[in-house]
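Student: Got a structure here, written out as structure tokens. Questions coming.
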There are 4 protein chains.
Amino acid sequence: MKSGELKMSWARQYMPVLGEIRKRFEAEKPFKGNRIGMALHVEAKTAVLVETLAAGGAEVYITGCNPLSTQDDVAEALNDVPGVKCYAKRACSVEEYYDAIDKVLDVRPTVTIDDGMDLIHRLHTERRELLDGIIGGCEETTTGIHRLRAMAAEGKLEFPVIAVNDTPMKRFFDNVHGTGESALSSVMITTNTLIGGKWFVVAGYGYCGRGLAKMAHGLGAKVIVTEIDPRRALEAHMDGYFVMTMEEAAKIGDIFVTTTGNTSIITEKHFRVMKDGAILSNAGHFNVEIDLEWLHANKEGYEARDSIETFIVNGKKINVLAEGRLVNLATTKGMGHPIEVMDLSFALQALCSEYILKEGAGLKGDVYDVPNGIDVEVASLKLGSLGINIDALTEEQNLYMNSWDIGT
Amino acid sequence: MKSGELKMSWARQYMPVLGEIRKRFEAEKPFKGNRIGMALHVEAKTAVLVETLAAGGAEVYITGCNPLSTQDDVAEALNDVPGVKCYAKRACSVEEYYDAIDKVLDVRPTVTIDDGMDLIHRLHTERRELLDGIIGGCEETTTGIHRLRAMAAEGKLEFPVIAVNDTPMKRFFDNVHGTGESALSSVMITTNTLIGGKWFVVAGYGYCGRGLAKMAHGLGAKVIVTEIDPRRALEAHMDGYFVMTMEEAAKIGDIFVTTTGNTSIITEKHFRVMKDGAILSNAGHFNVEIDLEWLHANKEGYEARDSIETFIVNGKKINVLAEGRLVNLATTKGMGHPIEVMDLSFALQALCSEYILKEGAGLKGDVYDVPNGIDVEVASLKLGSLGINIDALTEEQNLYMNSWDIGT
Amino acid sequence: MKSGELKMSWARQYMPVLGEIRKRFEAEKPFKGNRIGMALHVEAKTAVLVETLAAGGAEVYITGCNPLSTQDDVAEALNDVPGVKCYAKRACSVEEYYDAIDKVLDVRPTVTIDDGMDLIHRLHTERRELLDGIIGGCEETTTGIHRLRAMAAEGKLEFPVIAVNDTPMKRFFDNVHGTGESALSSVMITTNTLIGGKWFVVAGYGYCGRGLAKMAHGLGAKVIVTEIDPRRALEAHMDGYFVMTMEEAAKIGDIFVTTTGNTSIITEKHFRVMKDGAILSNAGHFNVEIDLEWLHANKEGYEARDSIETFIVNGKKINVLAEGRLVNLATTKGMGHPIEVMDLSFALQALCSEYILKEGAGLKGDVYDVPNGIDVEVASLKLGSLGINIDALTEEQNLYMNSWDIGT
Amino acid sequence: MKSGELKMSWARQYMPVLGEIRKRFEAEKPFKGNRIGMALHVEAKTAVLVETLAAGGAEVYITGCNPLSTQDDVAEALNDVPGVKCYAKRACSVEEYYDAIDKVLDVRPTVTIDDGMDLIHRLHTERRELLDGIIGGCEETTTGIHRLRAMAAEGKLEFPVIAVNDTPMKRFFDNVHGTGESALSSVMITTNTLIGGKWFVVAGYGYCGRGLAKMAHGLGAKVIVTEIDPRRALEAHMDGYFVMTMEEAAKIGDIFVTTTGNTSIITEKHFRVMKDGAILSNAGHFNVEIDLEWLHANKEGYEARDSIETFIVNGKKINVLAEGRLVNLATTKGMGHPIEVMDLSFALQALCSEYILKEGAGLKGDVYDVPNGIDVEVASLKLGSLGINIDALTEEQNLYMNSWDIGT
């Protein structure tokens, strides 16, 4: 087996939900006669989604959504899958990047799957002649969805797009567990430091933050949470964590992870009071949570190691991981979200692609939520793959819940 | 100090939020010239609410909302508080119970506070002549709120009532922590059995259920969760618990706690397969979650102890706590919710009473949610009492959150 | 069923190890023809030990080891057990107390079981004429054992006594889990306060201390540990707790539990800096860990409630539970160690009684450890009662472990 | 800064205990005029030990103890440290390996530090002429110590050697936390799978096992423990884990980690019943815990990836990490023990080297334990570096502990 196929084979083992969907797709061929155009990170987990769609009868044309995230051996393996054509190449030039996107569009896809809206953007600008053939699309990321909503608000989105993001399943699995575990293991492996006994500062007590807090706590860290919302702050306090301002936390923290999705969370006034050897990383979204600009401009000294930059501030070392980018993805050893998490996210993608193909013709150009039924179906498929049975409401119970006279 | 005042003095120590509100009330006297009519459980924690309202300038007239929950020494102590008159008496007759309610109404209250809607019901039936003088009311329980919503739906609710229930603060504090800790300690003290190492079955993974699961887990139990919702089931699984049907759980569980709010959760088919010595209790709502009717009708033997009934089924002992009523309240040693929890719930009551007095005249007869600002204020007061400071959004951050072009 | 028998029947359900031993005893009658003289707390768990010994063919004569710990209904029920005679009476006078001890000795026991050495002491002083007939004894408590060792050191102990205490099983079960859970639930029920979010101070990180720390942590408390041993202190730190001196802890603690077995752990300098409303309790041994003498002599005010005394110091309330005595036993609602824990401790008693009867004649007057085989047997019986199977060393593995040449 | 120095500089940040020792060594120069000969893994953490010894006045001559563990950039950096000469080279031939050892010995060291006894062995065989000049040695590993004890037993060990291993500090830090965290993060990064919700099987509930169990549990895994000792098995059960035989565990486990130090823990009968996709790894000692010989001989199929081998058995995939070698060291991304752990282990080395130099002349050829005072000192230095103060026994308390008459 070649390297790319070995990687796909590994991922496939831990993607039972896509496996179940694939079985049904093979039988029902819901995409028969359709072309799916995709621009996603071309690596093993994505490849399993691609082959699932192909198994459903689709011709799949895929390129990358970031020049650096393509794994060439996986791209090669994808080209061996019947019905799939992959144009992605690692470290391609900007010209090659857009050239590949155009090649995907040239096949006149009926459905698009984006991670960052590059296909949809190209369709609405350079390739408007193709808009007519599109039934609908799916978008994976927050950022893409935000841009789509802006387009829709201006009446410029020409076909329906499902926001495959922010469903209960994604929040719980992707954020709490996916980010929690992968950010933690990336910090551990990159720095070779202990978590137990450390002051572990989590900025933001949203889904990502509470996942990280719980897991660092589970390894024996003393967890500090910073928040701007009083109720979330009180929740964190009651969950056994230390709630304080970042100014206070900056003085005692050993390891910092930002998860706010906001900007300027750790800035000059914090850097100046940090302990020697503090470790800073980001598991939120963009690389603006830690003020790297200030660090670069004001450092008294600088060392660069594999995925770690050390800035000397006030004579003390401040260590920033992965240039403030997502620590679970952007460190050399980071593997991104665990496979099982992507199994669920990509299961949503597969089922939403099927849905938009079936229902898209009747929908106007706008951004749509993942249908609740699909979210629940993915949960049920996952439970099924684990061999877990759950109770069902009896008629009597259903009646009771809807009629408050009984039992009172 | 007499017994009732000793109890109030104890509770006051752990009710800092009401303490803060009291200070403001004393300065501002928001209830000046008003009469508040109350029907609540007359015990120490309630008494601290009553004196807080009185400190705000209200004349407070209170009776019980359940003949068995009144503590006579607390009732006596309340009558020593200036501006307060208490009519409650433990173990009174039905006639005396309603007589006391009428005495409260006789003072022509301007605001009502109910736990179960007895005052409001009486006002809308026997005492309609008083409706005119009422500005608004507050209702504490789910059940009362349900009945009020039904009245409102039929257009029969004559004044505005705030549903002091189901706010984020109440869900998180009252359900997760209040029910979690008090149900667990009640089971421990009533049965004198270990939690560590036990199979601890929690029916329902809502707020009460996840509080209990987390705490039993924290003591070393192996927690089994039963659910009807696939997503909640998967959450429980990922949180490290065992998810299965009640039929499967019934065979291995040592201790069962129902928290569903539904009916017939543990029934004949479960009883028949239980282990000898199984312990069953309810922390949900009504005493219908465990099928006690069946047990009484079909038992092969029976023993009754303090807060424990033992039923012999298939030759094995099934032990039910507190007749299937709320285990944290209805066992002999149970103390109800921890004081700090009622501090928050009653702080909501105090602030909602103030709010309805100020705004009630402008509102039509209906059920209203707790204003979000009041919920947040209670969280902030609690953080303040703990000496916890949190961050505030900077202008730059606020701008960033509302303008997705920056940072992308 | 009468009250005493109901209590025994309850305890029996959760004492499977004694149950197993009883079956063997019934078949083998190891005590046939012997009289066992006992002085133990006469309550339900002890009663199950008594009936187990009686089932083994012993005549059992029992009285209390503390005038206040006898439960008269259990004493009555014991007198209904064939082969058992109980002389204990609650709240008896000192004269009656020793009279009862003499009645037990009058039967000329061959084996003694003590909790505090009252029988053995009486035998070696007032009743030396009976010494000849004694084969050996068992002693339950640290204190009794200490006094016995002192006697033995002076050559004055006339028969062999097994120290049924300080075995690995007792340390792990009795201290970590028994004290941990029962002290925690007693604090919760007695004070009606929350544990979640609290600063919970544990003095001493021995077995009792680490049990309590883990369980309070499991309920969401922030745990502070005080220690005098650097290695234990570092362990506590790495386990995720806060290690500091009691002087520092005194300023921030909400709830304090001492577990050191030493004296003067919380004293004037700590009282003076405590927060208003601090709760103090002891789960160590004697009531000398908290300096109650100072509190009584220097208080500015005082309130007494059920199992709680409040002392005003520097204008702030300091609340001491159970007069500084063992909080899991001495509070009104406290139930002592969970039943399952006493099942193991009393299983050790039962097997050690059998052992000393068989082997005692060949042993000189001294204090003996519990034979390791008996400790392991109790663990195995408990595992068996739980239906848990474990692996056994294979011959190959045994060889490997003893021969380091292989595999290197 | 060059690569090797960058690595040393990183490690130094998290080695405060060696840092403190270095300060004293610099002032006291305890090794002045002495030559230390070392054979250890030449990587950054070791290099900080080397420079600490050199700071103490020693001339340090070092080579590797394994041809593959040398990092050439660190070796180069060491040669820039005054007083240090490093002969190690990665991937050297056997001849070069022993040649380097001889070069170290050629300097006539007065103290030796070994990891695996290569220096001491060479001294006692090929280079006996140098034995005279040796005052004493230190040995880091279990294996080395075992061989030394065998030599000592035969009277063939010619100088005293301290077994820097198996002290309380090492057990607690190195095994519980060092192995626990690093094995877990290595499994996570190597496999990219989730831990939450998984059945995580830990073979052996010794120090390594309980560290791993606690940490996997802390991430949300359901932990299964296999044991051969009933008391440890019962501890694991009470700690909230599932205890069963490996035969039972094999059927349900998702991830297996062996920590027994024994052989043949997972063998044919287990492989045959495993789930598809099972992941197997070893964090014990040698690569004999998983029967790889059988897998290689009987596999139906085979795939090899980076640090993962997949064997098809009964049509299902069994994935073995790092060829069954220590998963935290032998996977490509594994970093070995966290830096803080090696700070403590190497602090023991530094202080034991000082000790043996001072005391060695008076000791006969034998293996000696680490003096308890040194173990405690390392704990105290670590607490000091964390800014943690602990209590000290007062005279009164000391008296109380030693005189049982007081307080009884």
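Residue numbering restarts at 1 for every chain of the structure tokens, chains are lettered A, B, ... in their displayed order, and ligands are numbered from 1 as they appear.
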I'd like the neighbourhood of Glu340 in chain C as a list in words, where a residue qualifies if any of its atoms comes within 8 Å (using only C-alpha atoms), though same-chain residues fewer than 2 positions away should be ignored.
Tutor: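 After dropping sequence-adjacent residues, the list is Thr193 and Leu194 of chain B; Tyr14, Met15, Pro338, Met342, Asp343 and Leu344 of chain C.
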Student: Specify as a ChimeraX atom specification all residues of chain B found within 7 Å of chain C, counting only C-alpha atoms.
Tutor: /B:13,185,188-189,192-194,215,218-219,277,333,335,338-340
Student: Name the residues of range 145-326 of chain D that fall into alpha helix (DSSP H) according to DSSP on the backbone, using the chain letters and numbers of this document, as an MDAnalysis selection string.
Tutor: chainID D and resid 145:153 168:169 180:191 207:218 230:238 246:252 268:271 292:298
Student: CA of Glu28 in chain D and CA of Val84 in chain D are how many Å apart?
Tutor: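 Interatomic distance here is 18.6 Å.
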Student: Find the residues around Ile312 in chain B up to 8 Å (only C-alpha atoms counted), leave out those fewer than 6 positions away in its own chain, and share them as number ranges by chain.
Tutor: B: 299-302, 318
Student: Residues within 6 Å of Met244 in chain A, please, as an NGL selection string. Count only C-alpha atoms; anything in the same chain fewer than 6 positions from it doesn't count.
Tutor: (:A and (226)) or (:B and (389-390))
Student: Any idea what's packed within 12 Å of Glu126 in chain A, counting only C-alpha atoms, ignoring anything in its chain fewer than 3 positions away? Could you give it as an NGL selection string?
Tutor: :A and (98 or 101-102 or 105-106 or 118-123 or 129-131)
Student: Any idea what the distance is between CA of Tyr368 in chain A and CA of Val161 in chain A?
Tutor: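 If I compute the distance from CA of Tyr368 in chain A to CA of Val161 in chain A, I get 6.0 Å.
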Student: From a DSSP calculation on the backbone, collect every residue of range 82-117 of chain A in strand (DSSP E) and output the set as a ChimeraX atom specification.
Tutor: /A:84-86,111-114
Student: May I have the selected residues written with all heavy atoms, as a tab-separated table (two decimals), in the first residue's frame?
Tutor:
```tsv
chain	number	residue	atom	x	y	z
A	84	VAL	N	-13.06	10.09	-8.83
A	84	VAL	CA	-12.49	11.25	-8.14
A	84	VAL	C	-11.33	11.82	-8.95
A	84	VAL	O	-10.52	11.09	-9.50
A	84	VAL	CB	-11.98	10.85	-6.74
A	84	VAL	CG1	-11.31	12.05	-6.06
A	84	VAL	CG2	-13.12	10.32	-5.88
A	85	LYS	N	-11.29	13.14	-8.99
A	85	LYS	CA	-10.13	13.81	-9.60
A	85	LYS	C	-9.65	14.88	-8.63
A	85	LYS	O	-10.43	15.73	-8.21
A	85	LYS	CB	-10.55	14.42	-10.94
A	85	LYS	CG	-9.43	15.10	-11.70
A	85	LYS	CD	-8.59	14.09	-12.52
A	85	LYS	CE	-7.30	14.73	-13.05
A	85	LYS	NZ	-6.16	14.52	-12.19
A	86	CYS	N	-8.36	14.83	-8.27
A	86	CYS	CA	-7.82	15.79	-7.30
A	86	CYS	C	-6.77	16.68	-7.97
A	86	CYS	O	-5.84	16.18	-8.60
A	86	CYS	CB	-7.20	15.03	-6.13
A	86	CYS	SG	-6.46	16.13	-4.90
A	111	VAL	N	-23.12	20.60	-7.16
A	111	VAL	CA	-23.06	20.89	-5.72
A	111	VAL	C	-21.64	21.32	-5.38
A	111	VAL	O	-20.68	20.76	-5.91
A	111	VAL	CB	-23.43	19.63	-4.89
A	111	VAL	CG1	-23.13	19.85	-3.40
A	111	VAL	CG2	-24.90	19.27	-5.09
A	112	THR	N	-21.50	22.31	-4.47
A	112	THR	CA	-20.16	22.73	-4.04
A	112	THR	C	-19.98	22.46	-2.55
A	112	THR	O	-20.93	22.54	-1.77
A	112	THR	CB	-19.94	24.24	-4.28
A	112	THR	OG1	-20.87	24.96	-3.47
A	112	THR	CG2	-20.11	24.60	-5.73
A	113	ILE	N	-18.77	22.12	-2.19
A	113	ILE	CA	-18.42	22.00	-0.77
A	113	ILE	C	-17.17	22.83	-0.54
A	113	ILE	O	-16.12	22.57	-1.14
A	113	ILE	CB	-18.17	20.53	-0.36
A	113	ILE	CG1	-19.43	19.69	-0.61
A	113	ILE	CG2	-17.78	20.46	1.12
A	113	ILE	CD1	-19.28	18.22	-0.23
A	114	ASP	N	-17.28	23.82	0.34
A	114	ASP	CA	-16.21	24.78	0.56
A	114	ASP	C	-15.74	24.76	2.00
A	114	ASP	O	-16.49	24.42	2.91
A	114	ASP	CB	-16.74	26.21	0.29
A	114	ASP	CG	-16.33	26.75	-1.07
A	114	ASP	OD1	-15.14	26.61	-1.41
A	114	ASP	OD2	-17.20	27.31	-1.76
```
Student: Skipping near chain neighbours, those fewer than 4 positions away, what residues fall within 9 Å of range 63-75 of chain D using only C-alpha atoms, listed as an mmCIF file with N, CA, C and O atoms, in the first residue's frame?
Tutor:
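Done, and the output landed in selection_22.cif:
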```cif
data_model
loop_
_atom_site.group_PDB
_atom_site.id
_atom_site.type_symbol
_atom_site.label_atom_id
_atom_site.label_comp_id
_atom_site.auth_asym_id
_atom_site.auth_seq_id
_atom_site.Cartn_x
_atom_site.Cartn_y
_atom_site.Cartn_z
ATOM 1 N N LYS D 2 22.969 28.312 18.359
ATOM 2 C CA LYS D 2 22.900 27.123 17.517
ATOM 3 C C LYS D 2 21.864 26.138 18.077
ATOM 4 O O LYS D 2 21.480 26.210 19.250
ATOM 5 N N SER D 3 21.481 25.222 17.224
ATOM 6 C CA SER D 3 20.407 24.286 17.519
ATOM 7 C C SER D 3 20.563 23.565 18.866
ATOM 8 O O SER D 3 19.632 23.493 19.673
ATOM 9 N N GLY D 4 21.750 23.042 19.143
ATOM 10 C CA GLY D 4 21.942 22.304 20.396
ATOM 11 C C GLY D 4 21.778 23.201 21.604
ATOM 12 O O GLY D 4 21.151 22.825 22.605
ATOM 13 N N GLU D 5 22.317 24.389 21.539
ATOM 14 C CA GLU D 5 22.204 25.326 22.663
ATOM 15 C C GLU D 5 20.763 25.798 22.818
ATOM 16 O O GLU D 5 20.273 25.993 23.936
ATOM 17 N N LEU D 6 20.060 25.957 21.686
ATOM 18 C CA LEU D 6 18.631 26.310 21.772
ATOM 19 C C LEU D 6 17.863 25.248 22.551
ATOM 20 O O LEU D 6 16.995 25.560 23.379
ATOM 21 N N LYS D 7 18.182 24.011 22.288
ATOM 22 C CA LYS D 7 17.503 22.914 23.008
ATOM 23 C C LYS D 7 17.845 22.944 24.497
ATOM 24 O O LYS D 7 16.977 22.753 25.351
ATOM 25 N N MET D 8 19.111 23.168 24.804
ATOM 26 C CA MET D 8 19.514 23.224 26.212
ATOM 27 C C MET D 8 18.853 24.408 26.911
ATOM 28 O O MET D 8 18.404 24.313 28.055
ATOM 29 N N GLY D 37 33.043 10.553 34.777
ATOM 30 C CA GLY D 37 32.837 9.848 33.510
ATOM 31 C C GLY D 37 31.386 9.431 33.390
ATOM 32 O O GLY D 37 30.835 8.838 34.314
ATOM 33 N N MET D 38 30.753 9.783 32.287
ATOM 34 C CA MET D 38 29.322 9.505 32.145
ATOM 35 C C MET D 38 29.011 8.760 30.862
ATOM 36 O O MET D 38 29.628 9.013 29.826
ATOM 37 N N ALA D 39 28.009 7.907 30.923
ATOM 38 C CA ALA D 39 27.433 7.315 29.707
ATOM 39 C C ALA D 39 25.921 7.397 29.842
ATOM 40 O O ALA D 39 25.305 6.578 30.515
ATOM 41 N N LEU D 40 25.349 8.430 29.257
ATOM 42 C CA LEU D 40 23.897 8.667 29.332
ATOM 43 C C LEU D 40 23.386 9.041 27.942
ATOM 44 O O LEU D 40 24.179 9.362 27.058
ATOM 45 N N HIS D 41 22.060 9.037 27.788
ATOM 46 C CA HIS D 41 21.470 9.525 26.535
ATOM 47 C C HIS D 41 21.868 10.982 26.356
ATOM 48 O O HIS D 41 21.580 11.811 27.222
ATOM 49 N N VAL D 42 22.529 11.312 25.268
ATOM 50 C CA VAL D 42 23.006 12.678 25.073
ATOM 51 C C VAL D 42 21.912 13.495 24.390
ATOM 52 O O VAL D 42 21.802 13.521 23.164
ATOM 53 N N GLU D 43 21.055 14.081 25.193
ATOM 54 C CA GLU D 43 20.051 15.005 24.670
ATOM 55 C C GLU D 43 19.918 16.160 25.656
ATOM 56 O O GLU D 43 20.627 16.185 26.664
ATOM 57 N N ALA D 44 19.049 17.107 25.384
ATOM 58 C CA ALA D 44 19.081 18.401 26.074
ATOM 59 C C ALA D 44 18.948 18.294 27.589
ATOM 60 O O ALA D 44 19.642 18.989 28.336
ATOM 61 N N ALA D 47 22.065 17.211 29.070
ATOM 62 C CA ALA D 47 23.087 18.247 28.928
ATOM 63 C C ALA D 47 23.017 19.250 30.076
ATOM 64 O O ALA D 47 24.048 19.771 30.521
ATOM 65 N N ASN D 79 30.204 20.284 23.868
ATOM 66 C CA ASN D 79 31.638 20.511 23.703
ATOM 67 C C ASN D 79 32.015 21.988 23.810
ATOM 68 O O ASN D 79 33.192 22.320 23.951
ATOM 69 N N LYS D 85 33.758 17.444 27.885
ATOM 70 C CA LYS D 85 34.159 16.840 26.596
ATOM 71 C C LYS D 85 33.163 15.728 26.277
ATOM 72 O O LYS D 85 32.934 14.823 27.095
ATOM 73 N N CYS D 86 32.555 15.816 25.112
ATOM 74 C CA CYS D 86 31.533 14.827 24.721
ATOM 75 C C CYS D 86 32.022 14.016 23.528
ATOM 76 O O CYS D 86 32.433 14.573 22.508
ATOM 77 N N TYR D 87 31.936 12.694 23.650
ATOM 78 C CA TYR D 87 32.410 11.803 22.587
ATOM 79 C C TYR D 87 31.285 11.121 21.817
ATOM 80 O O TYR D 87 31.542 10.298 20.949
ATOM 81 N N ALA D 88 30.042 11.432 22.181
ATOM 82 C CA ALA D 88 28.930 10.689 21.583
ATOM 83 C C ALA D 88 28.675 11.111 20.146
ATOM 84 O O ALA D 88 28.864 12.264 19.772
ATOM 85 N N LYS D 89 28.218 10.158 19.335
ATOM 86 C CA LYS D 89 27.863 10.426 17.944
ATOM 87 C C LYS D 89 26.681 9.533 17.599
ATOM 88 O O LYS D 89 26.674 8.354 17.933
ATOM 89 N N ARG D 90 25.694 10.134 16.989
ATOM 90 C CA ARG D 90 24.503 9.372 16.640
ATOM 91 C C ARG D 90 24.837 8.346 15.554
ATOM 92 O O ARG D 90 25.642 8.601 14.655
ATOM 93 N N ALA D 91 24.204 7.177 15.679
ATOM 94 C CA ALA D 91 24.330 6.133 14.665
ATOM 95 C C ALA D 91 25.774 5.686 14.448
ATOM 96 O O ALA D 91 26.186 5.368 13.339
ATOM 97 N N CYS D 92 26.532 5.693 15.548
ATOM 98 C CA CYS D 92 27.909 5.228 15.436
ATOM 99 C C CYS D 92 27.941 3.703 15.340
ATOM 100 O O CYS D 92 26.965 3.023 15.660
ATOM 101 N N SER D 93 29.051 3.180 14.915
ATOM 102 C CA SER D 93 29.208 1.721 14.858
ATOM 103 C C SER D 93 29.482 1.197 16.270
ATOM 104 O O SER D 93 29.797 1.963 17.180
ATOM 105 N N VAL D 94 29.355 -0.107 16.448
ATOM 106 C CA VAL D 94 29.642 -0.700 17.753
ATOM 107 C C VAL D 94 31.079 -0.388 18.164
ATOM 108 O O VAL D 94 31.359 -0.075 19.314
ATOM 109 N N TYR D 97 31.251 3.045 19.303
ATOM 110 C CA TYR D 97 30.543 3.173 20.581
ATOM 111 C C TYR D 97 31.483 2.830 21.740
ATOM 112 O O TYR D 97 31.607 3.597 22.699
ATOM 113 N N ALA D 100 34.374 5.256 22.206
ATOM 114 C CA ALA D 100 34.002 6.468 22.949
ATOM 115 C C ALA D 100 33.981 6.187 24.446
ATOM 116 O O ALA D 100 34.434 7.009 25.254
ATOM 117 N N ILE D 101 33.482 5.018 24.811
ATOM 118 C CA ILE D 101 33.475 4.657 26.231
ATOM 119 C C ILE D 101 34.917 4.601 26.761
ATOM 120 O O ILE D 101 35.212 5.093 27.845
ATOM 121 N N LYS D 103 37.397 6.252 25.624
ATOM 122 C CA LYS D 103 37.934 7.601 25.733
ATOM 123 C C LYS D 103 37.521 8.230 27.048
ATOM 124 O O LYS D 103 38.281 8.950 27.686
ATOM 125 N N VAL D 104 36.278 8.005 27.458
ATOM 126 C CA VAL D 104 35.807 8.522 28.750
ATOM 127 C C VAL D 104 36.631 7.932 29.881
ATOM 128 O O VAL D 104 37.062 8.637 30.801
ATOM 129 N N ASP D 114 26.192 6.164 35.153
ATOM 130 C CA ASP D 114 25.812 5.222 34.102
ATOM 131 C C ASP D 114 24.301 5.178 33.917
ATOM 132 O O ASP D 114 23.543 5.459 34.847
ATOM 133 N N ASP D 115 23.896 4.825 32.720
ATOM 134 C CA ASP D 115 22.499 4.483 32.460
ATOM 135 C C ASP D 115 22.536 3.146 31.723
ATOM 136 O O ASP D 115 22.538 3.104 30.502
ATOM 137 N N GLY D 116 22.645 2.081 32.485
ATOM 138 C CA GLY D 116 22.723 0.766 31.864
ATOM 139 C C GLY D 116 24.035 0.049 32.160
ATOM 140 O O GLY D 116 24.300 -1.040 31.661
ATOM 141 N N MET D 117 24.908 0.697 32.950
ATOM 142 C CA MET D 117 26.092 0.047 33.502
ATOM 143 C C MET D 117 27.214 -0.228 32.515
ATOM 144 O O MET D 117 28.128 -1.004 32.801
ATOM 145 N N ASP D 118 27.203 0.452 31.382
ATOM 146 C CA ASP D 118 28.250 0.183 30.405
ATOM 147 C C ASP D 118 29.638 0.592 30.897
ATOM 148 O O ASP D 118 30.615 -0.125 30.685
#
```
Student: Give me the residues within 12 Å of Ala361 in chain A as a count of residues only, counting only C-alpha atoms and dropping any in the same chain fewer than 5 places off.
Tutor: 14
Student: Rounded to one decimal in Å, what is the spacing between CA of Ser380 in chain B and CA of Met169 in chain B?
Tutor: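 Separation of CA of Ser380 in chain B and CA of Met169 in chain B: 11.0 Å.
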